[in-house]
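Data file: coords_24.tsv. Format and content: TSV, C-alpha atoms and all ligand atoms.
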```
chain	number	residue	atom	x	y	z
A	245	MET	CA	13.00	6.49	2.52
A	246	LYS	CA	15.49	7.03	-0.22
A	247	LEU	CA	18.04	4.22	-0.15
A	248	VAL	CA	21.44	4.40	-1.80
A	249	THR	CA	24.53	2.30	-2.40
A	250	CYS	CA	27.75	4.26	-2.23
A	251	LEU	CA	31.50	4.08	-1.88
A	252	TYR	CA	32.93	5.53	1.33
A	253	GLU	CA	36.65	5.39	2.03
A	254	GLY	CA	37.00	2.65	-0.56
A	255	THR	CA	34.26	0.46	0.93
A	256	GLN	CA	30.81	-0.16	-0.48
A	257	ARG	CA	28.04	0.84	1.93
A	258	VAL	CA	24.25	1.06	1.84
A	259	GLY	CA	22.29	3.77	3.58
A	260	VAL	CA	19.42	6.20	3.74
A	261	LEU	CA	19.65	9.56	2.04
A	262	THR	CA	18.81	12.23	4.65
A	263	ASP	CA	19.04	16.01	4.83
A	264	ASN	CA	22.42	15.57	6.52
A	265	GLY	CA	23.95	13.08	4.10
A	266	VAL	CA	23.97	9.30	4.02
A	267	MET	CA	22.98	7.39	7.16
A	268	PHE	CA	24.71	4.02	6.88
A	269	LEU	CA	22.74	0.84	7.47
A	270	PRO	CA	24.20	-2.45	8.73
A	271	TYR	CA	23.72	-4.57	5.58
A	272	PRO	CA	26.52	-5.81	3.31
A	273	ASP	CA	24.71	-4.72	0.14
A	274	MET	CA	21.34	-3.64	-1.23
A	275	ASN	CA	20.23	-7.20	-2.06
A	276	ALA	CA	20.71	-8.17	1.60
A	277	LEU	CA	18.85	-5.04	2.69
A	278	ILE	CA	15.93	-5.81	0.36
A	279	GLU	CA	15.76	-9.38	1.70
A	280	ALA	CA	15.69	-8.08	5.27
A	281	GLY	CA	12.52	-6.15	4.36
A	282	LEU	CA	11.34	-2.62	4.96
A	283	PRO	CA	10.15	-3.03	8.59
A	284	ALA	CA	13.57	-4.41	9.62
A	285	VAL	CA	15.36	-1.68	7.69
A	286	LYS	CA	13.28	1.01	9.39
A	287	GLY	CA	14.22	-0.43	12.78
A	288	ALA	CA	17.92	-0.82	11.98
A	289	VAL	CA	20.32	1.28	14.02
A	290	SER	CA	22.80	3.36	12.08
A	291	GLU	CA	26.38	3.64	13.25
A	292	LYS	CA	26.93	6.98	11.56
A	293	THR	CA	25.90	9.58	9.01
A	294	VAL	CA	28.41	11.08	6.60
A	295	PRO	CA	27.99	14.13	4.35
A	296	LEU	CA	26.87	13.35	0.80
A	297	ALA	CA	30.05	15.05	-0.47
A	298	ASP	CA	32.14	12.34	1.23
A	299	VAL	CA	30.61	9.43	-0.71
A	300	THR	CA	30.41	8.39	-4.36
A	301	LEU	CA	26.99	7.11	-5.33
A	302	LEU	CA	26.82	3.77	-7.12
A	303	ALA	CA	23.78	2.24	-8.79
A	304	PRO	CA	21.37	1.37	-5.93
A	305	VAL	CA	21.64	-2.32	-6.93
A	306	PRO	CA	25.10	-2.44	-8.53
A	307	ARG	CA	24.96	-6.19	-9.19
A	308	PRO	CA	21.42	-7.46	-9.71
A	309	ARG	CA	21.26	-11.16	-8.87
A	310	GLN	CA	19.37	-11.93	-12.07
A	311	ASP	CA	18.77	-10.33	-15.45
A	312	VAL	CA	16.46	-7.31	-15.39
A	313	ILE	CA	12.97	-8.18	-16.67
A	314	CYS	CA	11.86	-5.56	-19.18
A	315	LEU	CA	8.57	-4.56	-20.75
A	316	GLY	CA	8.60	-3.50	-24.40
A	317	MET	CA	6.01	-1.18	-25.96
A	318	ASN	CA	4.30	-0.35	-22.69
A	319	TYR	CA	3.27	3.25	-23.44
A	320	VAL	CA	0.91	3.83	-26.41
A	321	ASP	CA	2.86	6.81	-27.78
A	322	HIS	CA	6.15	4.85	-27.75
A	323	ALA	CA	4.53	1.82	-29.41
A	324	GLU	CA	3.41	4.22	-32.17
A	325	GLU	CA	6.85	5.77	-32.70
A	326	SER	CA	8.48	2.30	-32.71
A	327	ALA	CA	6.05	1.00	-35.32
A	328	ARG	CA	6.80	4.08	-37.46
A	329	TYR	CA	10.58	3.59	-37.13
A	330	ASN	CA	10.34	-0.10	-38.05
A	331	GLY	CA	7.96	0.58	-40.94
A	332	ARG	CA	5.12	-1.38	-39.38
A	333	ALA	CA	1.45	-0.48	-39.05
A	334	PHE	CA	0.43	0.51	-35.53
A	335	SER	CA	-2.48	-1.46	-34.12
A	336	LYS	CA	-4.90	0.37	-31.83
A	337	GLU	CA	-5.93	-2.90	-30.15
A	338	LYS	CA	-4.53	-3.46	-26.67
A	339	PRO	CA	-1.42	-5.51	-27.43
A	340	VAL	CA	-0.15	-8.46	-25.44
A	341	SER	CA	2.59	-7.60	-23.00
A	342	VAL	CA	6.09	-7.93	-24.47
A	343	TYR	CA	8.73	-9.26	-22.08
A	344	PHE	CA	12.44	-9.48	-22.65
A	345	SER	CA	15.48	-9.40	-20.44
A	346	LYS	CA	18.61	-7.38	-20.10
A	347	ARG	CA	21.89	-8.82	-18.81
A	348	VAL	CA	23.48	-6.60	-16.18
A	349	SER	CA	26.86	-7.70	-14.86
A	350	GLU	CA	27.20	-4.28	-13.29
A	351	ALA	CA	24.65	-1.47	-13.36
A	352	ALA	CA	26.19	1.88	-14.29
A	353	ALA	CA	26.32	4.45	-11.49
A	354	PRO	CA	24.86	7.97	-11.66
A	355	ASP	CA	27.24	10.60	-13.05
A	356	THR	CA	29.47	8.08	-14.81
A	357	GLU	CA	30.29	7.52	-18.46
A	358	ILE	CA	28.42	5.07	-20.68
A	359	PRO	CA	30.60	3.46	-23.37
A	360	SER	CA	29.31	4.13	-26.90
A	361	HIS	CA	30.83	0.86	-28.21
A	362	GLN	CA	32.08	2.55	-31.38
A	363	GLY	CA	32.76	0.06	-34.15
A	364	LEU	CA	29.95	-2.16	-32.84
A	365	VAL	CA	27.10	0.31	-32.32
A	366	GLU	CA	26.01	3.06	-34.71
A	367	ARG	CA	22.49	3.80	-33.51
A	368	LEU	CA	22.79	4.34	-29.77
A	369	ASP	CA	19.58	5.25	-27.93
A	370	TYR	CA	18.22	5.98	-24.45
A	371	GLU	CA	14.96	4.95	-22.71
A	372	ALA	CA	13.92	6.49	-19.38
A	373	GLU	CA	11.99	3.89	-17.36
A	374	LEU	CA	10.44	3.33	-13.96
A	375	ALA	CA	12.06	0.21	-12.48
A	376	VAL	CA	10.13	-1.77	-9.88
A	377	ILE	CA	12.06	-3.73	-7.26
A	378	ILE	CA	10.37	-6.80	-5.80
A	379	GLY	CA	10.60	-7.08	-2.01
A	380	LYS	CA	9.45	-10.63	-1.25
A	381	THR	CA	9.06	-13.96	-3.02
A	382	ALA	CA	6.16	-13.57	-5.42
A	383	LYS	CA	4.13	-16.48	-6.84
A	384	ASN	CA	0.51	-16.46	-7.99
A	385	VAL	CA	0.08	-12.82	-6.99
A	386	LYS	CA	-3.44	-11.40	-7.29
A	387	PRO	CA	-3.54	-7.96	-8.94
A	388	GLU	CA	-5.13	-6.42	-5.83
A	389	GLU	CA	-2.28	-7.75	-3.67
A	390	ALA	CA	0.55	-6.70	-6.01
A	391	GLY	CA	1.41	-3.62	-3.96
A	392	ASP	CA	2.43	-5.84	-1.03
A	393	TYR	CA	5.27	-7.31	-3.09
A	394	ILE	CA	6.92	-4.04	-4.10
A	395	PHE	CA	10.01	-2.94	-2.19
A	396	GLY	CA	10.55	0.29	-4.09
A	397	TYR	CA	11.28	2.11	-7.31
A	398	THR	CA	14.25	3.54	-9.13
A	399	VAL	CA	15.09	5.23	-12.44
A	400	LEU	CA	16.57	2.94	-15.09
A	401	ASN	CA	17.92	3.99	-18.47
A	402	ASP	CA	17.32	1.06	-20.83
A	403	MET	CA	20.22	1.95	-23.15
A	404	SER	CA	19.74	0.31	-26.52
A	405	SER	CA	21.66	-0.31	-29.73
A	406	ARG	CA	18.95	-0.06	-32.37
A	407	ASP	CA	21.23	-1.60	-35.01
A	408	LEU	CA	21.98	-4.71	-32.89
A	409	GLN	CA	18.37	-4.85	-31.73
A	410	THR	CA	16.99	-5.09	-35.27
A	411	GLY	CA	20.03	-6.81	-36.81
A	412	HIS	CA	19.74	-9.85	-34.55
A	413	MET	CA	15.93	-10.12	-34.59
A	414	GLN	CA	15.96	-10.17	-30.78
A	415	TRP	CA	16.62	-7.41	-28.26
A	416	TYR	CA	18.85	-9.20	-25.75
A	417	PHE	CA	22.25	-8.46	-27.32
A	418	GLY	CA	21.43	-4.86	-28.27
A	419	LYS	CA	20.30	-4.01	-24.74
A	420	SER	CA	22.84	-5.95	-22.67
A	421	LEU	CA	26.19	-4.39	-23.60
A	422	ASP	CA	28.52	-3.26	-20.80
A	423	GLY	CA	27.27	0.00	-19.29
A	424	PHE	CA	23.82	-0.25	-20.86
A	425	THR	CA	21.93	-0.24	-17.54
A	426	PRO	CA	22.45	3.03	-15.71
A	427	MET	CA	20.32	3.02	-12.56
A	428	GLY	CA	19.68	5.45	-9.71
A	429	PRO	CA	20.25	7.77	-8.03
A	430	CYS	CA	18.30	5.99	-5.24
A	431	ILE	CA	15.52	3.54	-4.45
A	432	LEU	CA	12.36	5.27	-3.33
A	433	THR	CA	10.69	2.83	-0.94
A	434	ALA	CA	7.18	1.79	-1.89
A	435	ASP	CA	5.59	3.40	1.19
A	436	GLU	CA	6.61	6.86	-0.10
A	437	THR	CA	4.20	6.94	-3.03
A	438	ALA	CA	0.70	5.77	-4.00
A	439	PHE	CA	0.28	2.40	-5.67
A	440	PRO	CA	0.38	2.07	-8.57
A	441	PRO	CA	2.70	5.08	-8.77
A	442	ALA	CA	1.62	8.03	-10.90
A	443	LEU	CA	4.87	9.94	-11.28
A	444	LYS	CA	6.17	12.31	-13.94
A	445	ILE	CA	8.86	10.65	-16.08
A	446	SER	CA	11.09	12.58	-18.47
A	447	SER	CA	14.45	12.64	-20.22
A	448	ARG	CA	16.75	15.32	-21.60
A	449	ILE	CA	19.76	15.13	-23.89
A	450	ASN	CA	22.26	17.98	-23.40
A	451	GLY	CA	19.41	19.81	-21.65
A	452	GLU	CA	16.98	19.39	-24.58
A	453	PRO	CA	13.65	17.85	-23.48
A	454	ARG	CA	12.99	14.50	-25.19
A	455	GLN	CA	10.58	12.36	-23.15
A	456	ASP	CA	7.79	13.72	-20.96
A	457	SER	CA	5.09	11.43	-19.64
A	458	ASN	CA	3.63	9.87	-16.52
A	459	THR	CA	3.99	6.36	-15.11
A	460	SER	CA	0.20	6.22	-14.75
A	461	LEU	CA	0.07	5.73	-18.55
A	462	LEU	CA	1.53	2.21	-18.62
A	463	ILE	CA	-0.51	-0.03	-20.93
A	464	HIS	CA	0.23	-3.07	-18.76
A	465	THR	CA	0.11	-1.86	-15.17
A	466	ILE	CA	2.36	-3.07	-12.37
A	467	PRO	CA	-0.44	-5.20	-10.81
A	468	ALA	CA	-1.16	-6.74	-14.23
A	469	ILE	CA	2.53	-7.47	-14.87
A	470	LEU	CA	3.02	-9.11	-11.47
A	471	ALA	CA	-0.18	-11.15	-11.74
A	472	GLU	CA	0.70	-12.32	-15.24
A	473	LEU	CA	4.35	-13.23	-14.64
A	474	THR	CA	3.86	-14.93	-11.29
A	475	GLN	CA	1.23	-17.32	-12.65
A	476	GLY	CA	4.14	-19.42	-13.78
A	477	MET	CA	7.31	-17.73	-12.61
A	478	THR	CA	8.52	-17.17	-9.06
A	479	LEU	CA	9.97	-13.68	-8.64
A	480	LEU	CA	12.60	-13.46	-5.92
A	481	PRO	CA	13.33	-10.48	-3.65
A	482	GLY	CA	15.60	-8.07	-5.51
A	483	THR	CA	14.05	-8.81	-8.90
A	484	ILE	CA	14.08	-5.67	-11.03
A	485	ILE	CA	11.35	-5.02	-13.59
A	486	ALA	CA	11.83	-2.14	-16.04
A	487	THR	CA	8.29	-1.11	-16.96
A	488	GLY	CA	8.90	0.38	-20.42
A	489	THR	CA	9.60	3.80	-21.86
A	490	PRO	CA	7.34	6.60	-23.16
A	491	ALA	CA	7.66	8.35	-26.54
A	492	GLY	CA	10.59	10.62	-27.30
A	493	VAL	CA	13.48	8.17	-27.66
A	494	GLY	CA	16.06	8.94	-30.35
A	495	MET	CA	14.59	6.59	-32.96
A	496	GLY	CA	11.20	8.32	-32.57
A	497	PHE	CA	12.37	11.54	-34.26
A	498	GLU	CA	12.48	12.15	-37.99
A	499	PRO	CA	15.35	12.14	-38.68
A	500	PRO	CA	16.35	10.06	-35.64
A	501	LYS	CA	18.39	11.69	-32.86
A	502	PHE	CA	20.82	9.02	-31.74
A	503	LEU	CA	23.48	9.52	-29.06
A	504	HIS	CA	27.12	10.43	-29.64
A	505	PRO	CA	30.20	10.66	-27.41
A	506	GLY	CA	29.98	13.71	-25.17
A	507	ASP	CA	26.18	13.73	-24.98
A	508	VAL	CA	24.73	14.11	-21.48
A	509	VAL	CA	21.68	11.91	-20.87
A	510	GLU	CA	19.34	12.78	-18.00
A	511	CYS	CA	16.44	10.54	-17.02
A	512	GLU	CA	14.18	11.85	-14.29
A	513	ILE	CA	11.25	10.51	-12.29
A	514	GLU	CA	9.38	12.67	-9.83
A	515	LYS	CA	10.23	11.90	-6.16
A	516	ILE	CA	13.12	9.57	-7.15
A	517	GLY	CA	15.47	12.04	-8.81
A	518	VAL	CA	17.68	12.58	-11.85
A	519	LEU	CA	19.90	9.86	-13.31
A	520	ARG	CA	22.64	11.61	-15.30
A	521	ASN	CA	25.31	9.95	-17.47
A	522	THR	CA	27.65	11.05	-20.23
A	523	ILE	CA	28.29	9.05	-23.41
A	524	ARG	CA	31.97	8.18	-23.85
O	1	MG	MG	12.93	-0.29	-22.67
```

Written as structure tokens, that's how I'd like the structure from this file.
Amino acid sequence: MKLVTCLYEGTQRVGVLTDNGVMFLPYPDMNALIEAGLPAVKGAVSEKTVPLADVTLLAPVPRPRQDVICLGMNYVDHAEESARYNGRAFSKEKPVSVYFSKRVSEAAAPDTEIPSHQGLVERLDYEAELAVIIGKTAKNVKPEEAGDYIFGYTVLNDMSSRDLQTGHMQWYFGKSLDGFTPMGPCILTADETAFPPALKISSRINGEPRQDSNTSLLIHTIPAILAELTQGMTLLPGTIIATGTPAGVGMGFEPPKFLHPGDVVECEIEKIGVLRNTIR
């Protein structure tokens, strides 16, 4: 199933994307739907289906209950371009996993504008990422059981201010500005793809190809991430983990290709769809 959150006649609804439009489901929001679990959702009775043209899509989880957990440097080619940009040597050894978080008061919807924060941000960048959504309380998860804890997947653009990121010696501020977490267009439920997912991931700026990779190339895999984090941290249903971005972000080019007002950013993952936003 492809699950969406949308606005219909001024009210927020959740539903399933079908060939005929959006089939509404009887949950107040996506967090409640995720907590109910996939079997319950599959058995839920819809009151009606409306044409896609009659709704406005929102981010599938417009208000995550907690900060998004993010992986840094989780594709080899991106770790290389980052080291080059920051003037560091790139180590070929398998690195430790890098975790950070991203504050998201409200995730930006597909086809909306992302503020460029002019006056605060000069080096604005994009990062197409596969986001994993946890479906049930996870503690001490064994790698071979990790798939049981996944509710689904969405596309997340880990928007970043490279100047704030390096200027404050920590990524939190530079990645948590208003509008910096576009997400969508839907959640692909975990049963729709193999685990771990091997899906094409790409991005384009004004139609120009920038990133082009596959989620099978994660250095730290989803089972490894879940096993590692849940040794000491309980992950609740609805937790979102952004698994990192491949090479081809703006800072990876020489000279860098940062974003400017008017630029159209498209992040795409096979089977999930295209997440498109315009820089304001
Ligand atoms: Mg990232």

Pick out the residues no farther than 10 Å from ligand MG 1 (chain O), counting only C-alpha atoms and all ligand atoms, and list them as a ChimeraX atom specification. /A:313-318,322,343-346,370-374,400-404,415,419,486-490,493

Can you list, as a PDB file with C-alpha atoms, in the coordinates of the input, every protein, DNA or RNA residue that comes within 10 Å of Gly418 of chain A when you count all atoms listed in the file, leaving out same-chain residues fewer than 2 positions away?
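Now in selection30.pdb:
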```
ATOM      1  CA  LYS A 346      18.610  -7.380 -20.100  1.00  0.00           C
ATOM      2  CA  VAL A 365      27.100   0.310 -32.320  1.00  0.00           C
ATOM      3  CA  LEU A 368      22.790   4.340 -29.770  1.00  0.00           C
ATOM      4  CA  MET A 403      20.220   1.950 -23.150  1.00  0.00           C
ATOM      5  CA  SER A 404      19.740   0.310 -26.520  1.00  0.00           C
ATOM      6  CA  SER A 405      21.660  -0.310 -29.730  1.00  0.00           C
ATOM      7  CA  ARG A 406      18.950  -0.060 -32.370  1.00  0.00           C
ATOM      8  CA  ASP A 407      21.230  -1.600 -35.010  1.00  0.00           C
ATOM      9  CA  LEU A 408      21.980  -4.710 -32.890  1.00  0.00           C
ATOM     10  CA  GLN A 409      18.370  -4.850 -31.730  1.00  0.00           C
ATOM     11  CA  THR A 410      16.990  -5.090 -35.270  1.00  0.00           C
ATOM     12  CA  GLY A 411      20.030  -6.810 -36.810  1.00  0.00           C
ATOM     13  CA  HIS A 412      19.740  -9.850 -34.550  1.00  0.00           C
ATOM     14  CA  MET A 413      15.930 -10.120 -34.590  1.00  0.00           C
ATOM     15  CA  GLN A 414      15.960 -10.170 -30.780  1.00  0.00           C
ATOM     16  CA  TRP A 415      16.620  -7.410 -28.260  1.00  0.00           C
ATOM     17  CA  TYR A 416      18.850  -9.200 -25.750  1.00  0.00           C
ATOM     18  CA  SER A 420      22.840  -5.950 -22.670  1.00  0.00           C
ATOM     19  CA  LEU A 421      26.190  -4.390 -23.600  1.00  0.00           C
ATOM     20  CA  PHE A 424      23.820  -0.250 -20.860  1.00  0.00           C
TER      21      PHE A 424
END
```

Identify which of the residues A:Leu519, A:Ile449, A:Leu269, A:Ile469 lies closest to Gly287 of chain A, counting all atoms listed in the file when measuring atom-to-atom distances. A:Leu269

Any idea what's packed within 12 Å of Lys444 of chain A, counting only C-alpha atoms, ignoring anything in its chain fewer than 6 positions away? Could you give it as a PyMOL selection string? chain A and resi 372-374+399+455-461+490+511-518

Excluding Val508 of chain A and residues on its chain fewer than 5 positions from it, collect all residues at most 8 Å away from it, counting only C-alpha atoms, and give them as a ChimeraX atom specification. /A:449-451,520-523

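Considering the residues A:Thr381, A:Gln362, A:Ser341, A:Gln256 and counting only C-alpha atoms, Asp273 of chain A has its shortest atom-to-atom contact with A:Gln256.
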
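Shortest separation to Ala323 of chain A among A:Ile358, A:Leu462, A:Val509, A:Ile484 occurs at residue A:Leu462, atoms counted being only C-alpha atoms.
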
Near-Arg309 of chain A list (9 Å; only C-alpha atoms; drop same-chain fewer than 2 positions) as a PyMOL selection string: chain A and resi 275+307+311-312+348-349+482-483

Filtering to C-alpha atoms, could you give me those residues as an mmCIF file, in the coordinates of the input?
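Output (selection-v8.cif):
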```
data_model
loop_
_atom_site.group_PDB
_atom_site.id
_atom_site.type_symbol
_atom_site.label_atom_id
_atom_site.label_comp_id
_atom_site.auth_asym_id
_atom_site.auth_seq_id
_atom_site.Cartn_x
_atom_site.Cartn_y
_atom_site.Cartn_z
ATOM 1 C CA ASN A 275 20.230 -7.200 -2.060
ATOM 2 C CA ARG A 307 24.960 -6.190 -9.190
ATOM 3 C CA ASP A 311 18.770 -10.330 -15.450
ATOM 4 C CA VAL A 312 16.460 -7.310 -15.390
ATOM 5 C CA VAL A 348 23.480 -6.600 -16.180
ATOM 6 C CA SER A 349 26.860 -7.700 -14.860
ATOM 7 C CA GLY A 482 15.600 -8.070 -5.510
ATOM 8 C CA THR A 483 14.050 -8.810 -8.900
#
```

Atom CA of Thr300 of chain A sits from atom CA of Leu277 of chain A at a separation of 19.1 Å
